[in-house]
file final.cif (mmCIF, C-alpha atoms and all ligand atoms)
data_structure
loop_
_atom_site.label_atom_id
_atom_site.label_comp_id
_atom_site.auth_asym_id
_atom_site.auth_seq_id
_atom_site.Cartn_x
_atom_site.Cartn_y
_atom_site.Cartn_z
CA MET F 1 0.00 0.00 0.00
CA ALA F 2 1.21 3.51 -0.81
CA LYS F 3 2.38 5.55 2.15
CA LYS F 4 0.29 8.48 3.35
CA ARG F 5 1.65 11.89 2.46
CA ILE F 6 2.87 14.92 4.35
CA LEU F 7 3.15 18.44 2.98
CA THR F 8 4.86 21.06 5.03
CA GLY F 9 6.65 24.31 4.28
CA ILE F 10 9.05 27.01 5.32
CA ARG F 11 9.16 30.52 3.84
CA PRO F 12 12.63 31.63 2.68
CA THR F 13 12.27 34.98 4.44
CA GLY F 14 15.22 34.32 6.73
CA ARG F 15 17.16 31.46 8.19
CA LEU F 16 15.70 28.63 10.20
CA HIS F 17 15.18 29.47 13.87
CA ILE F 18 14.69 27.14 16.80
CA GLY F 19 10.91 27.73 16.67
CA HIS F 20 10.92 25.97 13.29
CA LEU F 21 12.98 23.16 14.68
CA VAL F 22 10.75 22.38 17.65
CA GLY F 23 7.49 23.41 15.96
CA GLN F 24 7.85 21.72 12.59
CA ILE F 25 11.15 20.15 11.50
CA ALA F 26 11.61 17.77 14.45
CA LEU F 27 8.05 16.48 14.07
CA THR F 28 8.40 16.06 10.30
CA LYS F 29 11.72 14.28 10.80
CA SER F 30 10.09 11.81 13.19
CA LEU F 31 7.44 10.96 10.57
CA GLN F 32 9.81 10.45 7.62
CA ASP F 33 9.69 6.64 7.71
CA GLU F 34 5.94 6.38 8.13
CA PHE F 35 4.95 9.02 5.54
CA ASP F 36 6.04 10.27 2.14
CA VAL F 37 7.24 13.74 3.11
CA PHE F 38 7.15 16.79 0.81
CA GLU F 39 9.04 19.68 2.42
CA MET F 40 8.38 22.85 0.45
CA ILE F 41 10.51 25.98 0.38
CA ALA F 42 7.71 28.49 -0.05
CA ASP F 43 9.38 31.22 -2.11
CA THR F 44 6.15 32.26 -3.87
CA GLN F 45 4.45 32.72 -0.51
CA ALA F 46 7.51 34.58 0.81
CA LEU F 47 7.07 37.08 -2.02
CA THR F 48 3.55 37.99 -0.85
CA ASP F 49 5.08 40.20 1.85
CA ASN F 50 8.60 40.50 0.38
CA PHE F 51 7.73 41.37 -3.22
CA HIS F 52 9.96 44.44 -2.90
CA ASP F 53 13.01 42.32 -2.02
CA PRO F 54 13.20 39.33 -4.40
CA LYS F 55 16.96 39.01 -3.85
CA LYS F 56 16.39 38.27 -0.15
CA VAL F 57 13.89 35.53 -1.01
CA HIS F 58 16.21 34.11 -3.68
CA ASP F 59 19.23 33.98 -1.39
CA HIS F 60 17.33 32.35 1.45
CA VAL F 61 16.20 29.40 -0.67
CA LEU F 62 19.68 27.89 -0.39
CA GLU F 63 20.05 28.96 3.25
CA VAL F 64 16.76 27.37 4.26
CA ALA F 65 17.55 24.21 2.30
CA ILE F 66 20.84 23.92 4.22
CA ASP F 67 18.98 24.42 7.50
CA VAL F 68 16.30 21.86 6.62
CA LEU F 69 18.97 19.26 5.81
CA ALA F 70 20.85 20.08 9.03
CA GLY F 71 17.57 19.73 10.95
CA GLY F 72 17.40 16.11 9.79
CA ILE F 73 15.09 16.10 6.78
CA ASP F 74 16.76 13.33 4.80
CA PRO F 75 16.69 13.70 1.00
CA GLU F 76 16.94 9.90 0.67
CA LYS F 77 13.56 9.62 2.37
CA SER F 78 11.86 12.97 1.78
CA THR F 79 11.31 15.35 -1.14
CA ILE F 80 12.58 18.88 -0.61
CA PHE F 81 11.40 21.26 -3.35
CA VAL F 82 10.89 24.88 -4.42
CA GLN F 83 7.30 26.16 -4.61
CA SER F 84 7.68 28.61 -7.51
CA HIS F 85 8.74 25.79 -9.82
CA ILE F 86 5.51 23.82 -9.40
CA PRO F 87 3.09 25.36 -11.97
CA ALA F 88 0.17 23.20 -10.76
CA ILE F 89 0.07 25.28 -7.55
CA PRO F 90 -0.76 28.70 -9.07
CA GLU F 91 -3.20 27.08 -11.49
CA MET F 92 -5.08 25.38 -8.64
CA THR F 93 -4.93 28.65 -6.66
CA VAL F 94 -6.87 30.38 -9.42
CA TYR F 95 -9.60 27.74 -9.40
CA PHE F 96 -9.79 27.76 -5.58
CA SER F 97 -10.03 31.56 -5.47
CA ASN F 98 -13.59 31.31 -6.80
CA LEU F 99 -14.58 29.33 -3.72
CA VAL F 100 -13.48 31.79 -1.03
CA THR F 101 -15.01 35.15 -0.15
CA ILE F 102 -12.91 38.19 0.68
CA ALA F 103 -14.84 38.52 3.94
CA ARG F 104 -13.82 34.97 4.96
CA LEU F 105 -10.15 35.73 4.23
CA MET F 106 -10.34 38.96 6.23
CA ARG F 107 -11.73 37.00 9.19
CA ASN F 108 -8.83 34.50 9.25
CA PRO F 109 -7.17 35.24 12.63
CA THR F 110 -3.60 34.50 11.43
CA VAL F 111 -4.02 36.69 8.35
CA LYS F 112 -5.50 39.44 10.55
CA THR F 113 -2.55 39.36 12.99
CA GLU F 114 -0.02 39.30 10.17
CA ILE F 115 -1.63 42.22 8.32
CA ALA F 116 -1.44 44.26 11.53
CA GLN F 117 2.27 43.34 11.89
CA LYS F 118 3.08 44.24 8.28
CA LYS F 119 1.68 47.76 8.03
CA GLU F 120 5.06 49.09 6.89
CA VAL F 121 5.22 46.50 4.06
CA PHE F 122 1.86 47.44 2.58
CA GLY F 123 1.92 51.17 3.35
CA GLU F 124 -1.03 53.52 2.92
CA GLY F 125 -2.72 51.41 0.25
CA GLY F 126 -3.48 48.56 2.66
CA VAL F 127 -3.06 44.82 2.25
CA THR F 128 -2.49 43.40 -1.24
CA PHE F 129 -4.66 40.89 -3.07
CA GLY F 130 -1.68 38.48 -3.06
CA PHE F 131 -1.09 38.55 0.68
CA LEU F 132 -4.77 38.38 1.58
CA GLY F 133 -5.05 35.35 -0.69
CA TYR F 134 -2.11 33.36 0.61
CA PRO F 135 -4.34 30.89 2.48
CA VAL F 136 -5.92 30.04 -0.90
CA SER F 137 -2.50 29.39 -2.39
CA GLN F 138 -1.59 27.34 0.68
CA ALA F 139 -4.71 25.21 0.14
CA ALA F 140 -3.31 24.52 -3.34
CA ASP F 141 0.14 23.65 -1.90
CA ILE F 142 -1.39 21.06 0.38
CA THR F 143 -3.94 19.52 -1.96
CA ALA F 144 -1.58 19.41 -4.97
CA PHE F 145 0.26 16.66 -3.09
CA ASP F 146 -2.83 14.80 -1.84
CA ALA F 147 -1.43 15.47 1.63
CA ASP F 148 -3.04 13.61 4.51
CA LEU F 149 -1.12 15.47 7.17
CA VAL F 150 0.37 18.95 7.60
CA PRO F 151 2.87 19.23 10.48
CA ALA F 152 2.99 22.92 11.45
CA GLY F 153 2.95 25.35 14.34
CA ASP F 154 -0.28 26.63 15.90
CA ASP F 155 -0.25 29.82 13.80
CA GLN F 156 -1.10 27.58 10.86
CA ALA F 157 -4.32 26.15 12.38
CA PRO F 158 -6.67 28.79 10.85
CA ILE F 159 -4.92 28.48 7.47
CA ILE F 160 -5.26 24.70 7.40
CA GLU F 161 -8.90 24.98 8.55
CA GLN F 162 -9.52 27.28 5.60
CA ALA F 163 -7.85 24.75 3.27
CA ARG F 164 -10.22 22.07 4.59
CA GLU F 165 -13.21 24.31 3.84
CA ILE F 166 -11.96 24.87 0.29
CA VAL F 167 -11.56 21.11 -0.22
CA ARG F 168 -15.09 20.43 0.98
CA LYS F 169 -16.53 23.13 -1.24
CA PHE F 170 -14.50 21.99 -4.25
CA ASN F 171 -15.54 18.35 -3.80
CA SER F 172 -19.20 19.28 -3.31
CA ILE F 173 -19.27 21.23 -6.59
CA TYR F 174 -16.94 19.21 -8.85
CA GLY F 175 -17.23 15.76 -7.26
CA PRO F 176 -14.74 13.92 -5.04
CA THR F 177 -11.34 15.15 -6.21
CA LEU F 178 -9.21 16.50 -3.37
CA LYS F 179 -8.04 15.07 -0.06
CA GLU F 180 -8.98 16.89 3.16
CA PRO F 181 -5.76 17.41 5.15
CA GLU F 182 -5.25 17.21 8.89
CA HIS F 183 -3.09 19.52 10.97
CA ARG F 184 -0.51 17.89 13.28
CA MET F 185 1.19 19.98 15.97
CA SER F 186 4.34 19.19 17.89
CA ALA F 187 4.64 19.28 21.69
CA ILE F 188 5.80 22.91 21.30
CA PRO F 189 3.42 24.37 18.71
CA ARG F 190 4.47 27.96 19.43
CA LEU F 191 7.87 28.86 20.81
CA PRO F 192 7.74 32.44 22.12
CA GLY F 193 10.59 34.87 21.55
CA LEU F 194 13.05 35.41 24.41
CA ASP F 195 12.06 39.08 24.04
CA GLY F 196 8.61 38.21 25.45
CA ASN F 197 6.86 38.21 22.04
CA GLN F 198 4.28 35.42 21.83
CA LYS F 199 6.06 33.91 18.83
CA MET F 200 9.63 33.58 17.66
CA GLY F 201 9.42 34.63 14.01
CA LYS F 202 11.81 35.36 11.18
CA SER F 203 10.02 38.59 10.38
CA LEU F 204 9.73 39.59 14.06
CA GLY F 205 13.46 40.13 14.62
CA ASN F 206 13.63 37.80 17.63
CA GLY F 207 14.98 34.60 16.07
CA ILE F 208 17.66 32.37 17.51
CA PHE F 209 18.99 30.79 14.36
CA LEU F 210 20.49 27.42 13.68
CA ALA F 211 23.26 29.32 11.91
CA ASP F 212 24.02 31.47 14.98
CA SER F 213 27.44 30.91 16.54
CA LEU F 214 27.62 30.04 20.23
CA GLU F 215 28.55 33.69 20.87
CA GLU F 216 25.56 35.03 18.92
CA MET F 217 23.17 32.63 20.63
CA SER F 218 24.63 33.51 24.06
CA LYS F 219 24.17 37.23 23.46
CA LYS F 220 20.49 36.70 22.60
CA VAL F 221 19.90 34.54 25.68
CA MET F 222 21.62 37.09 27.98
CA GLN F 223 19.12 39.71 26.70
CA GLY F 224 16.13 37.43 27.43
CA LYS F 225 13.19 38.76 29.47
CA THR F 226 12.88 37.60 33.08
CA ASP F 227 10.49 38.41 35.92
CA PRO F 228 10.77 42.25 36.12
CA GLU F 229 10.13 42.17 39.90
CA LYS F 230 13.21 40.02 40.53
CA ILE F 231 15.64 42.90 40.93
CA HIS F 232 18.39 41.31 43.07
CA LYS F 233 19.94 37.96 42.51
CA ASP F 234 18.64 36.73 45.87
CA SER F 235 15.13 38.14 45.60
CA PRO F 236 12.44 35.53 44.90
CA GLY F 237 11.24 35.29 41.29
CA ASN F 238 8.24 33.92 39.45
CA PRO F 239 9.27 31.37 36.79
CA ASP F 240 5.69 31.32 35.46
CA ILE F 241 6.17 34.76 33.89
CA CYS F 242 9.84 34.34 32.93
CA THR F 243 10.64 33.57 29.28
CA VAL F 244 14.10 32.33 30.26
CA PHE F 245 12.49 29.74 32.52
CA LEU F 246 10.08 28.77 29.76
CA TYR F 247 13.12 27.97 27.64
CA HIS F 248 14.60 25.96 30.53
CA SER F 249 11.41 23.91 30.56
CA HIS F 250 11.90 23.12 26.86
CA PHE F 251 15.67 22.72 26.67
CA SER F 252 17.01 21.87 30.14
CA GLY F 253 15.21 18.55 30.68
CA GLU F 254 15.28 17.22 34.24
CA ALA F 255 17.06 20.29 35.59
CA ALA F 256 13.99 22.51 35.02
CA PRO F 257 11.95 21.75 38.20
CA THR F 258 14.95 22.45 40.48
CA ILE F 259 15.61 25.70 38.61
CA ALA F 260 11.99 26.78 39.23
CA THR F 261 12.19 25.92 42.95
CA GLU F 262 15.47 27.77 43.43
CA CYS F 263 14.13 30.80 41.56
CA ARG F 264 11.00 30.97 43.73
CA LYS F 265 13.14 30.79 46.89
CA GLY F 266 15.52 33.51 45.69
CA GLU F 267 18.38 31.01 45.58
CA ARG F 268 19.54 31.80 42.03
CA GLY F 269 20.22 34.96 40.08
CA CYS F 270 19.04 35.60 36.52
CA VAL F 271 22.58 35.89 35.13
CA GLN F 272 23.53 32.43 36.41
CA CYS F 273 20.20 31.10 35.17
CA LYS F 274 20.83 32.45 31.67
CA ARG F 275 24.35 31.00 31.59
CA GLU F 276 22.95 27.58 32.45
CA LEU F 277 20.34 27.92 29.72
CA ILE F 278 23.10 28.69 27.21
CA THR F 279 24.84 25.42 28.17
CA HIS F 280 21.63 23.38 27.78
CA MET F 281 20.68 25.04 24.50
CA ASP F 282 24.16 24.55 23.16
CA SER F 283 24.09 20.82 23.78
CA PHE F 284 20.96 20.76 21.59
CA LEU F 285 22.27 23.18 18.95
CA ALA F 286 25.98 22.28 18.64
CA PRO F 287 25.44 19.00 16.69
CA LEU F 288 22.96 20.77 14.39
CA ARG F 289 25.42 23.62 13.84
CA GLU F 290 28.03 21.06 12.84
CA LYS F 291 25.65 19.47 10.33
CA ARG F 292 24.79 22.92 9.04
CA ASP F 293 28.48 23.66 8.43
CA TYR F 294 28.77 20.36 6.54
CA PHE F 295 25.94 21.22 4.11
CA ALA F 296 26.92 24.91 3.87
CA ALA F 297 30.29 23.76 2.52
CA ARG F 298 28.48 21.74 -0.21
CA PRO F 299 26.08 24.18 -1.95
CA ASP F 300 26.17 22.22 -5.23
CA PHE F 301 24.96 19.09 -3.46
CA VAL F 302 22.18 21.07 -1.78
CA MET F 303 21.04 22.62 -5.08
CA ASP F 304 21.00 19.16 -6.68
CA VAL F 305 18.77 17.93 -3.85
CA LEU F 306 16.37 20.81 -4.57
CA LYS F 307 16.45 20.24 -8.32
CA GLU F 308 15.71 16.53 -8.05
CA GLY F 309 13.09 17.14 -5.37
CA THR F 310 11.36 19.74 -7.52
CA GLN F 311 11.23 17.34 -10.49
CA LYS F 312 9.69 14.63 -8.31
CA ALA F 313 7.23 17.09 -6.75
CA ASN F 314 6.12 18.26 -10.20
CA ALA F 315 5.32 14.71 -11.28
CA VAL F 316 3.08 14.25 -8.23
CA ALA F 317 1.35 17.67 -8.45
CA ASN F 318 0.72 17.31 -12.19
CA GLU F 319 -1.21 14.08 -11.59
CA VAL F 320 -3.46 15.86 -9.10
CA LEU F 321 -3.87 18.80 -11.49
CA GLU F 322 -5.03 16.41 -14.23
CA ARG F 323 -7.76 15.16 -11.88
CA VAL F 324 -8.74 18.75 -11.05
CA ARG F 325 -8.97 19.76 -14.71
CA THR F 326 -10.95 16.67 -15.67
CA ASN F 327 -13.47 17.13 -12.87
CA MET F 328 -13.83 20.85 -13.69
CA HIS F 329 -14.60 20.00 -17.32
CA LEU F 330 -11.48 21.80 -18.49
CA ARG F 331 -10.72 19.32 -21.26
CA TYR F 332 -11.03 20.45 -24.83
CA PHE F 333 -8.28 18.77 -26.81
CA HIS F 334 -7.11 15.17 -26.97
P1 LIG F 401 7.73 34.64 8.80
O1 LIG F 401 7.87 35.59 9.97
O2 LIG F 401 8.44 35.09 7.57
O3 LIG F 401 6.32 34.20 8.56
P2 LIG F 401 8.14 32.34 10.44
O4 LIG F 401 9.19 32.41 11.47
O5 LIG F 401 6.71 32.47 10.85
O6 LIG F 401 8.54 33.35 9.28
P3 LIG F 401 7.42 30.30 8.56
O7 LIG F 401 8.33 29.96 7.44
O8 LIG F 401 6.24 31.16 8.30
O9 LIG F 401 8.33 30.96 9.69
O10 LIG F 401 6.93 28.99 9.31
C1 LIG F 401 7.38 27.69 8.99
C2 LIG F 401 6.80 26.68 9.95
O11 LIG F 401 7.36 26.83 11.25
C3 LIG F 401 5.28 26.77 10.13
O12 LIG F 401 4.78 25.45 10.28
C4 LIG F 401 5.12 27.52 11.42
O13 LIG F 401 3.91 27.20 12.07
C5 LIG F 401 6.33 27.00 12.21
N1 LIG F 401 6.78 28.01 13.17
C6 LIG F 401 7.20 29.25 12.89
N2 LIG F 401 7.52 29.91 14.01
C7 LIG F 401 7.28 29.05 15.04
C8 LIG F 401 7.41 29.13 16.46
N3 LIG F 401 7.86 30.24 17.04
N4 LIG F 401 7.09 28.05 17.20
C9 LIG F 401 6.64 26.92 16.62
N5 LIG F 401 6.49 26.76 15.28
C10 LIG F 401 6.80 27.82 14.50
MG MG F 402 5.17 32.59 9.32
#
call {"tool": "encode", "arguments": {"input": "final.cif", "output": "C-alpha cells", "more": "lines below"}}
Ligand code: ATP
Ligand code: MG
result
Amino acid sequence: MAKKRILTGIRPTGRLHIGHLVGQIALTKSLQDEFDVFEMIADTQALTDNFHDPKKVHDHVLEVAIDVLAGGIDPEKSTIFVQSHIPAIPEMTVYFSNLVTIARLMRNPTVKTEIAQKKEVFGEGGVTFGFLGYPVSQAADITAFDADLVPAGDDQAPIIEQAREIVRKFNSIYGPTLKEPEHRMSAIPRLPGLDGNQKMGKSLGNGIFLADSLEEMSKKVMQGKTDPEKIHKDSPGNPDICTVFLYHSHFSGEAAPTIATECRKGERGCVQCKRELITHMDSFLAPLREKRDYFAARPDFVMDVLKEGTQKANAVANEVLERVRTNMHLRYFH
C-alpha cells in the first residue's frame, strides 16, 4: 500500500530558527519513515510580503535548504522542493479563489494578525490581493500533493482549517477530487521569543537561528526577558512569567523543576540562570550547527537535492492537477 503523504513548508524569508525546529522540523523528521514527506521551500508565498526584495527571497532558498537538511530532513527519504517551480500550484490557486469570499479571508485570525504586523510593508494602500489570498494558495500547496497530514505550528491552524473548507466546497461542486488534510502539531506548537513576544518569528526580529554561533546565541539569551520584579539575585522570582524559565522547561530537561524551585526561593540569580540555559541550548544546537556547516560547505549538493526534489514534486502535483482539470470539465483537446 502507498504511504500516506505529508506536505509542510518554510518561507525563505530568513534562516531557520529554533521555533521551526521544535514546531515543525523535528516532528516532520520523526514521521519520515511512516509518511512520504514533501518539504516545500515556499518562495512564492515569501514574495507575498517581500515582493519588494526578491533578492532576499532568492538567497534564502539555499540557506533554508541547508537548515532543513541540518535539521534532519533526509533527502533519501523525503522530497525537498521549491514552490515557484511547481506550476500546478498557481493554477489550482486560481480555481480555488472562486470558492473563497474576501470577507472569509479577512476573518482568518492569522491573516488578521499578520496584516497588523506588516503595516510598513503594505503602506497607505493597505493589504495586497496576493497577501490576503495566501491561504488560498496554501490550500493549493497542500492539496496538490494529496497530503493527509500537515505538520505545522499553531499559527497555521486557521490556514489549514480554511484549506479544509476549500476542499469540501471543491468536492461538493466538482465531485470527489481532493483530499482533506489534517493539521498535526508538535509538543511545542508555538515557541515564544526570548524578548517576550508570543512567537519567535523570522520577520519579528527575535529569532535564535540554527546558523548562529555560540557567541551570537549567548548574546540573545543574555538579553532574554525575566520576571521584572526580581531585581536582586537573591530576591524571589516567578518562573511562570519568565521567558528564560520557559526555555529551561523546553531545553534543560530534568534540571527545570529544580531551577523553578530555586528561583522561587531567591536562591539563584538571573545571570547564572541564563548562563545555564546557554549550556543546555548549546548541547541541543551544537550538533545541528556542525551538520549545518557540513551542508553549507556543499552548496552544489544542496542545489542538486532541490532540483531533483522539484522534479519529483512536479510529477506528483501534475497528476493531481489532471484530476482537477478533468473534474472541472477543463478538457477540450485530446
Ligand atoms: P515569517 O515571519 O516570515 O512568517 P516564520 O518564522 O513564521 O517566518 P514560517 O516559514 O512562516 O516561519 O513557518 C514555517 C513553519 O514553522 C510553520 O509550520 C510555522 O507554524 C512554524 N513556526 C514558525 N515559528 C514558530 C514558532 N515560534 N514556534 C513553533 N512553530 C513555529
Ligand atoms: Mg510565518
call {"tool": "residues_around", "arguments": {"input": "final.cif", "residues": "Arg268 of chain F", "least_positions_apart": "2", "cutoff": "9 Å", "atoms": "all atoms listed in the file", "output": "list in words"}}
result
Lys233, Asp234, Ser235, Pro236, Ile259, Glu262, Cys263, Arg264, Lys265, Gly266, Cys270, Val271, Gln272 and Cys273 of chain F
call {"tool": "atom_distance", "arguments": {"input": "final.cif", "atom1": "atom C7 of ligand LIG 401 (chain F)", "atom2": "atom CA of Arg190 of chain F"}}
result
5.3 Å
call {"tool": "residues_near_ligand", "arguments": {"input": "final.cif", "ligand": "ligand LIG 401 (chain F)", "cutoff": "10 Å", "atoms": "all atoms listed in the file", "output": "ChimeraX atom specification"}}
result
/F:8-25,40-43,45-47,49-50,64,114,117,150-157,183-193,197-207
call {"tool": "closest_residue", "arguments": {"input": "final.cif", "among": "F:Lys55, F:Lys118, F:His85, F:His248", "to": "ligand MG 402 (chain F)", "atoms": "only C-alpha atoms and all ligand atoms"}}
result
F:Lys118
call {"tool": "closest_residue", "arguments": {"input": "final.cif", "among": "F:Pro228, F:Pro54, F:Pro87, F:Gly72", "to": "Asn314 of chain F", "atoms": "only C-alpha atoms"}}
result
F:Pro87
call {"tool": "atom_distance", "arguments": {"input": "final.cif", "atom1": "atom CA of Ala286 of chain F", "atom2": "atom CA of His58 of chain F"}}
result
27.1 Å
call {"tool": "closest_residue", "arguments": {"input": "final.cif", "among": "F:Glu254, F:Asp146, F:Asp67, F:Glu216", "to": "Arg292 of chain F", "atoms": "all atoms listed in the file"}}
result
F:Asp67
call {"tool": "atom_distance", "arguments": {"input": "final.cif", "atom1": "atom CA of Pro158 of chain F", "atom2": "atom CA of Ser97 of chain F"}}
result
16.9 Å
call {"tool": "residues_around", "arguments": {"input": "final.cif", "residues": "segment 98-108 of chain F", "least_positions_apart": "5", "cutoff": "12 Å", "atoms": "only C-alpha atoms", "output": "PyMOL selection string"}}
result
chain F and resi 92-93+113-116+127-137+139+155-174
call {"tool": "residues_around", "arguments": {"input": "final.cif", "residues": "Val305 of chain F", "least_positions_apart": "3", "cutoff": "9 Å", "atoms": "all atoms listed in the file", "output": "PyMOL selection string"}}
result
chain F and resi 65+75+79-81+300-302+308-310
call {"tool": "residues_around", "arguments": {"input": "final.cif", "residues": "Phe35 of chain F", "least_positions_apart": "5", "cutoff": "8 Å", "atoms": "only C-alpha atoms", "output": "PyMOL selection string"}}
result
chain F and resi 3-6
call {"tool": "residues_around", "arguments": {"input": "final.cif", "residues": "Ala147 of chain F", "least_positions_apart": "5", "cutoff": "9 Å", "atoms": "all atoms listed in the file", "output": "MDAnalysis selection string"}}
result
chainID F and resid 4:7 37:38 142 179:182
call {"tool": "write_last_selection", "arguments": {"input": "final.cif", "atoms": "C-alpha atoms", "output": "PDB file, keeping the file's coordinate frame"}}
result
ATOM      1  CA  LYS F   4       0.290   8.480   3.350  1.00  0.00           C
ATOM      2  CA  ARG F   5       1.650  11.890   2.460  1.00  0.00           C
ATOM      3  CA  ILE F   6       2.870  14.920   4.350  1.00  0.00           C
ATOM      4  CA  LEU F   7       3.150  18.440   2.980  1.00  0.00           C
ATOM      5  CA  VAL F  37       7.240  13.740   3.110  1.00  0.00           C
ATOM      6  CA  PHE F  38       7.150  16.790   0.810  1.00  0.00           C
ATOM      7  CA  ILE F 142      -1.390  21.060   0.380  1.00  0.00           C
ATOM      8  CA  LYS F 179      -8.040  15.070  -0.060  1.00  0.00           C
ATOM      9  CA  GLU F 180      -8.980  16.890   3.160  1.00  0.00           C
ATOM     10  CA  PRO F 181      -5.760  17.410   5.150  1.00  0.00           C
ATOM     11  CA  GLU F 182      -5.250  17.210   8.890  1.00  0.00           C
TER      12      GLU F 182
END
call {"tool": "closest_residue", "arguments": {"input": "final.cif", "among": "F:Asn238, F:Thr44, F:Thr243, F:Gln138", "to": "Gln223 of chain F", "atoms": "all atoms listed in the file"}}
result
F:Thr243
call {"tool": "closest_residue", "arguments": {"input": "final.cif", "among": "F:Thr261, F:Ser218, F:Gln311, F:Thr143", "to": "Leu178 of chain F", "atoms": "all atoms listed in the file"}}
result
F:Thr143
call {"tool": "closest_residue", "arguments": {"input": "final.cif", "among": "F:Thr48, F:Leu288, F:Met1, F:Ala70", "to": "ligand MG 402 (chain F)", "atoms": "only C-alpha atoms and all ligand atoms"}}
result
F:Thr48
call {"tool": "residues_near_point", "arguments": {"input": "final.cif", "point": "(28.2, 25.4, 19.0)", "cutoff": "8 Å", "atoms": "all atoms listed in the file", "output": "list of chain:residue names"}}
result
F:Ser213, F:Leu214, F:Asp282, F:Ser283, F:Leu285, F:Ala286, F:Pro287, F:Arg289, F:Glu290
call {"tool": "build_atoms", "arguments": {"input": "final.cif", "residues": "segment 191-208 of chain F", "atoms": "N, CA and C atoms", "output": "PDB file, in the frame of the given file"}}
result
ATOM      1  N   LEU F 191       6.769  28.449  19.936  1.00  0.00           N
ATOM      2  CA  LEU F 191       7.870  28.860  20.810  1.00  0.00           C
ATOM      3  C   LEU F 191       7.883  30.385  20.846  1.00  0.00           C
ATOM      4  N   PRO F 192       7.711  30.969  22.050  1.00  0.00           N
ATOM      5  CA  PRO F 192       7.740  32.440  22.120  1.00  0.00           C
ATOM      6  C   PRO F 192       9.150  32.963  21.882  1.00  0.00           C
ATOM      7  N   GLY F 193       9.264  34.256  21.647  1.00  0.00           N
ATOM      8  CA  GLY F 193      10.590  34.870  21.550  1.00  0.00           C
ATOM      9  C   GLY F 193      11.134  35.099  22.946  1.00  0.00           C
ATOM     10  N   LEU F 194      12.456  35.105  23.096  1.00  0.00           N
ATOM     11  CA  LEU F 194      13.050  35.410  24.410  1.00  0.00           C
ATOM     12  C   LEU F 194      12.802  36.877  24.782  1.00  0.00           C
ATOM     13  N   ASP F 195      12.369  37.674  23.789  1.00  0.00           N
ATOM     14  CA  ASP F 195      12.060  39.080  24.040  1.00  0.00           C
ATOM     15  C   ASP F 195      10.661  39.247  24.636  1.00  0.00           C
ATOM     16  N   GLY F 196       9.956  38.135  24.866  1.00  0.00           N
ATOM     17  CA  GLY F 196       8.610  38.210  25.450  1.00  0.00           C
ATOM     18  C   GLY F 196       7.515  38.196  24.397  1.00  0.00           C
ATOM     19  N   ASN F 197       7.878  38.311  23.089  1.00  0.00           N
ATOM     20  CA  ASN F 197       6.860  38.210  22.040  1.00  0.00           C
ATOM     21  C   ASN F 197       6.261  36.801  22.060  1.00  0.00           C
ATOM     22  N   GLN F 198       4.975  36.715  21.771  1.00  0.00           N
ATOM     23  CA  GLN F 198       4.280  35.420  21.830  1.00  0.00           C
ATOM     24  C   GLN F 198       4.863  34.383  20.878  1.00  0.00           C
ATOM     25  N   LYS F 199       5.554  34.841  19.834  1.00  0.00           N
ATOM     26  CA  LYS F 199       6.060  33.910  18.830  1.00  0.00           C
ATOM     27  C   LYS F 199       7.471  34.321  18.417  1.00  0.00           C
ATOM     28  N   MET F 200       8.360  33.324  18.330  1.00  0.00           N
ATOM     29  CA  MET F 200       9.630  33.580  17.660  1.00  0.00           C
ATOM     30  C   MET F 200       9.316  33.558  16.165  1.00  0.00           C
ATOM     31  N   GLY F 201       9.741  34.591  15.445  1.00  0.00           N
ATOM     32  CA  GLY F 201       9.420  34.630  14.010  1.00  0.00           C
ATOM     33  C   GLY F 201      10.550  35.281  13.242  1.00  0.00           C
ATOM     34  N   LYS F 202      10.757  34.793  12.027  1.00  0.00           N
ATOM     35  CA  LYS F 202      11.810  35.360  11.180  1.00  0.00           C
ATOM     36  C   LYS F 202      11.580  36.847  10.986  1.00  0.00           C
ATOM     37  N   SER F 203      10.318  37.199  10.702  1.00  0.00           N
ATOM     38  CA  SER F 203      10.020  38.590  10.380  1.00  0.00           C
ATOM     39  C   SER F 203       9.835  39.437  11.640  1.00  0.00           C
ATOM     40  N   LEU F 204       9.966  38.841  12.822  1.00  0.00           N
ATOM     41  CA  LEU F 204       9.730  39.590  14.060  1.00  0.00           C
ATOM     42  C   LEU F 204      11.036  40.048  14.708  1.00  0.00           C
ATOM     43  N   GLY F 205      12.165  39.662  14.123  1.00  0.00           N
ATOM     44  CA  GLY F 205      13.460  40.130  14.620  1.00  0.00           C
ATOM     45  C   GLY F 205      13.868  39.523  15.954  1.00  0.00           C
ATOM     46  N   ASN F 206      13.287  38.394  16.327  1.00  0.00           N
ATOM     47  CA  ASN F 206      13.630  37.800  17.630  1.00  0.00           C
ATOM     48  C   ASN F 206      14.093  36.342  17.489  1.00  0.00           C
ATOM     49  N   GLY F 207      14.600  35.997  16.321  1.00  0.00           N
ATOM     50  CA  GLY F 207      14.980  34.600  16.070  1.00  0.00           C
ATOM     51  C   GLY F 207      16.314  34.209  16.678  1.00  0.00           C
ATOM     52  N   ILE F 208      16.369  32.984  17.195  1.00  0.00           N
ATOM     53  CA  ILE F 208      17.660  32.370  17.510  1.00  0.00           C
ATOM     54  C   ILE F 208      17.854  31.332  16.411  1.00  0.00           C
TER      55      ILE F 208
END
